[in-house]
Amino acid sequence: MGIRLYQEPQLETPILVASWPGIGNIGIIAVDTLRGILEAEEFGEIEPWDFFYPKRVLIKKGVLEYLEFPSSKFYFKRIEGRDIIFFIGEEQPTEVGRMYAEGKKAYYMANLVLDVAERFKCRRVYTSGAAVALTHHTTKSRVWAVPNSASLVSEIRGYDNTVLMSDIEGRGGHGNITGLNGLLLGVAKKRGFEAICLMGEIPVYLQGLPLSYPKASKSVLEVLSRSLKIEVNLDKLDELNREVERRIEEFYQQIPSEIRVQLDRLKHVSYAQPTEPGPITEEEEKKIMEDVEKFFKKRGGGG
Amino acid sequence: MSQGYPITIYKEPDLRRSSLVLGWSEDMGNLGRKVTDYLNWKLRGEEFAEIEPEDFFSLGGVAIEGNLARFPESKFYACQEHELVVFQSGSPWAEWYKFLNSVLDVAEHHCRVKELYLLGAMVSFSAHTAPRQLLAVVNSAEMKEVLSQYDLARDMDYQTPPGERPTLNSFLLWIAKGRNIPGVSLWVPIPFYLAAMEDAQAQKKVLSFLNERLDLKIDFSDLDREIREQNEQLARVRSRFPQIDDYINRLESNLMLSEEENGELIKKIEDFLREGD
């Protein structure tokens, strides 16, 4: 079990951008979109068999031709002075009954990714995921940024449409990032890499749906590309977003009207300015959360 | 405790060029458990090794089956006279690669296994009166050639459909291929209304193949009696419940039943077979 590099690209203190699937696939869509736009070249992988159950078998004329596993691949792109390594994991190595990676295997995988970062002398690591928030799907997703070092805070404050945990009402700078998108941040800190996790907001009532949420991926990608000083055309994400929004709207109309009225009020939530009296009180927030939970329980999904 | 190494060997078997038959104990129609139990009984299989469960199974309590507490077991039996190794196990929940490699470690290093026979059942929408088929998936063209003289369907094309995952047998076959151990995964379609029960005919189909292929010289008269009894029971359900007879008649004519009719057929047959007449 380990890393297989097919080639040893010459890179100058690159940035590592890593992501795995998660809620709304926000991080992985953002990272994979950037990888695609930049036409980054695949140069290695983490061998899958100890981490994953196979995902596909191909049998031809009674002979087992091959077994396909979820991939965990490395890509690189040379951009003068701003070289990038991408890592994209098709699945998180979960333990039985768990939704996200945790424990020994997750820790091992995070370390393998950082072994590559170390080998190529990466100067920074970005990960990306979802921030489940009391927002509405018609509003632009903000990006919650979590650095692993205090020295990065002032830089993050300069990012557009981005908030730190301390900017979010009621959180007091605290929170939790589940799965490998979060774990990598911590392991990076342990190994001396500076790292930032960028999380796109997804409305709380959409977190349990089997839908991607490209609107948030776009917000993440806007922040990431500006931070990397790369100009990218995000038309493809807009196109994907239009399709997803249509399906979200269909779902939204199925929500009982009394709950929908509450959710509609989320269009006016603004946590970035906690000093201003918001249109929703704490009590109302609690009520919305309870209603949403009740609805999903009754529906037999979500959460 | 296995202390990191998951295999415990109780007694080194005296095998020189053996074959391994593997059955999963929670298989459809209970096929894996029944066939491996039958082989052990008929060929006097002796337990000689096991894979310790802690890395591979959820050990948060025990399951209860048929009033009895069950604990995950993964045991090897040697039928020395016949150069046969039987492995019966629950399906692991985690660390599949390590588990399946452990099976092959015992097979290679302690039993000098030359071939693998992996048992599996699949659901069929045919009636129980239709002859059982045996489908084979091999991990090498050579193995396919070796099996060409037997009554097997050997030309299956298959690709895992979206949302599903390959079987453990496919995973094992693939690992075995990497270790140059020829193997075949044998699949018997079981009528859907017997899937949660037992299907003696399906067991006989697999056992007959193994008997012929491995020259085991098994007398199947007891199993034939079981098949007769099960067929008689099913005939009694048909005569007692005209609706059930109609459903089975339609299956015999290759007609599909509705989901509701399928459910009714399953329930009636299961109730009847469980309670007896």
# chains A, B, ... in the order shown; residues from 1 in each chain; ligands from 1

$ interface_residues --of "chain A" --to "chain B" --cutoff "10 Å" --atoms "only C-alpha atoms" --output "ChimeraX atom specification"
/A:48-68,94-97

$ residues_around --residues "Asp105 of chain B" --least-positions-apart "2" --cutoff "12 Å" --atoms "only C-alpha atoms" --output "list of chain:residue names"
B:Tyr5, B:Pro6, B:Ile7, B:Thr8, B:Ile9, B:Ala49, B:Glu50, B:Ile51, B:Phe76, B:Tyr97, B:Lys98, B:Phe99, B:Leu100, B:Asn101, B:Ser102, B:Val103, B:Ala107, B:Glu108, B:His109, B:His110, B:Cys111, B:Arg112, B:Val113, B:Ile175, B:Ala176, B:Arg179, B:Ile181

$ select_by_dssp --residues "segment 48-288 of chain A" --states "strand (DSSP E or B)" --output "MDAnalysis selection string"
chainID A and resid 56:60 63:68 72:77 84:89 124:133 143:147 162:163 194:203

$ atom_distance --atom1 "atom CA of Cys197 of chain A" --atom2 "atom CA of Ser128 of chain A"
5.1 Å

$ atom_distance --atom1 "atom CA of Ser149 of chain A" --atom2 "atom CA of Leu180 of chain A"
18.2 Å

$ residues_around --residues "segment 202-215 of chain B" --least-positions-apart "3" --cutoff "9 Å" --atoms "only C-alpha atoms" --output "VMD selection string"
chain B and resid 19 21 29 31 to 32 34 to 35 38 to 39 82 to 84 117 119 121 132 to 134 147 150 to 152 186 to 190 198 to 199 218 220 223 to 224 227

$ write_last_selection --atoms "C-alpha atoms" --output "PDB file, in the first residue's frame"
ATOM      1  CA  SER B  19      -8.111 -27.313  -4.244  1.00  0.00           C
ATOM      2  CA  VAL B  21     -13.725 -24.490  -2.004  1.00  0.00           C
ATOM      3  CA  GLY B  29     -30.502 -19.742  -0.336  1.00  0.00           C
ATOM      4  CA  LEU B  31     -25.924 -22.002  -0.492  1.00  0.00           C
ATOM      5  CA  GLY B  32     -22.364 -21.363   0.700  1.00  0.00           C
ATOM      6  CA  LYS B  34     -24.953 -25.745   3.044  1.00  0.00           C
ATOM      7  CA  VAL B  35     -22.481 -26.801   0.364  1.00  0.00           C
ATOM      8  CA  TYR B  38     -22.070 -30.943   3.197  1.00  0.00           C
ATOM      9  CA  LEU B  39     -18.521 -31.346   1.887  1.00  0.00           C
ATOM     10  CA  HIS B  82      -9.272 -35.723  -1.267  1.00  0.00           C
ATOM     11  CA  GLU B  83      -6.664 -32.956  -1.330  1.00  0.00           C
ATOM     12  CA  LEU B  84      -9.457 -30.534  -0.567  1.00  0.00           C
ATOM     13  CA  TYR B 117     -13.650 -22.714  -6.359  1.00  0.00           C
ATOM     14  CA  LEU B 119     -19.445 -20.418  -4.409  1.00  0.00           C
ATOM     15  CA  ALA B 121     -25.908 -17.707  -5.528  1.00  0.00           C
ATOM     16  CA  ARG B 132     -30.659 -25.203 -12.223  1.00  0.00           C
ATOM     17  CA  GLN B 133     -27.821 -23.737 -14.251  1.00  0.00           C
ATOM     18  CA  LEU B 134     -24.258 -23.236 -13.145  1.00  0.00           C
ATOM     19  CA  LEU B 147     -13.455 -26.164 -17.411  1.00  0.00           C
ATOM     20  CA  TYR B 150     -18.080 -29.520 -17.781  1.00  0.00           C
ATOM     21  CA  ASP B 151     -21.726 -28.494 -17.888  1.00  0.00           C
ATOM     22  CA  LEU B 152     -21.157 -24.826 -17.127  1.00  0.00           C
ATOM     23  CA  LEU B 186     -19.502 -20.498  -9.560  1.00  0.00           C
ATOM     24  CA  TRP B 187     -22.945 -18.931  -9.616  1.00  0.00           C
ATOM     25  CA  VAL B 188     -26.240 -20.779  -9.251  1.00  0.00           C
ATOM     26  CA  PRO B 189     -29.450 -18.889  -9.946  1.00  0.00           C
ATOM     27  CA  ILE B 190     -31.967 -19.619  -7.172  1.00  0.00           C
ATOM     28  CA  GLU B 198     -32.789 -23.247   1.065  1.00  0.00           C
ATOM     29  CA  ASP B 199     -32.612 -24.730  -2.379  1.00  0.00           C
ATOM     30  CA  ILE B 218     -19.751 -38.522  -3.120  1.00  0.00           C
ATOM     31  CA  PHE B 220     -25.798 -37.962  -3.166  1.00  0.00           C
ATOM     32  CA  LEU B 223     -29.410 -34.921  -0.974  1.00  0.00           C
ATOM     33  CA  ASP B 224     -31.643 -36.459  -3.649  1.00  0.00           C
ATOM     34  CA  ILE B 227     -34.699 -32.487  -3.166  1.00  0.00           C
TER      35      ILE B 227
END

$ atom_distance --atom1 "atom CA of Ile202 of chain A" --atom2 "atom CA of Lys267 of chain A"
12.8 Å
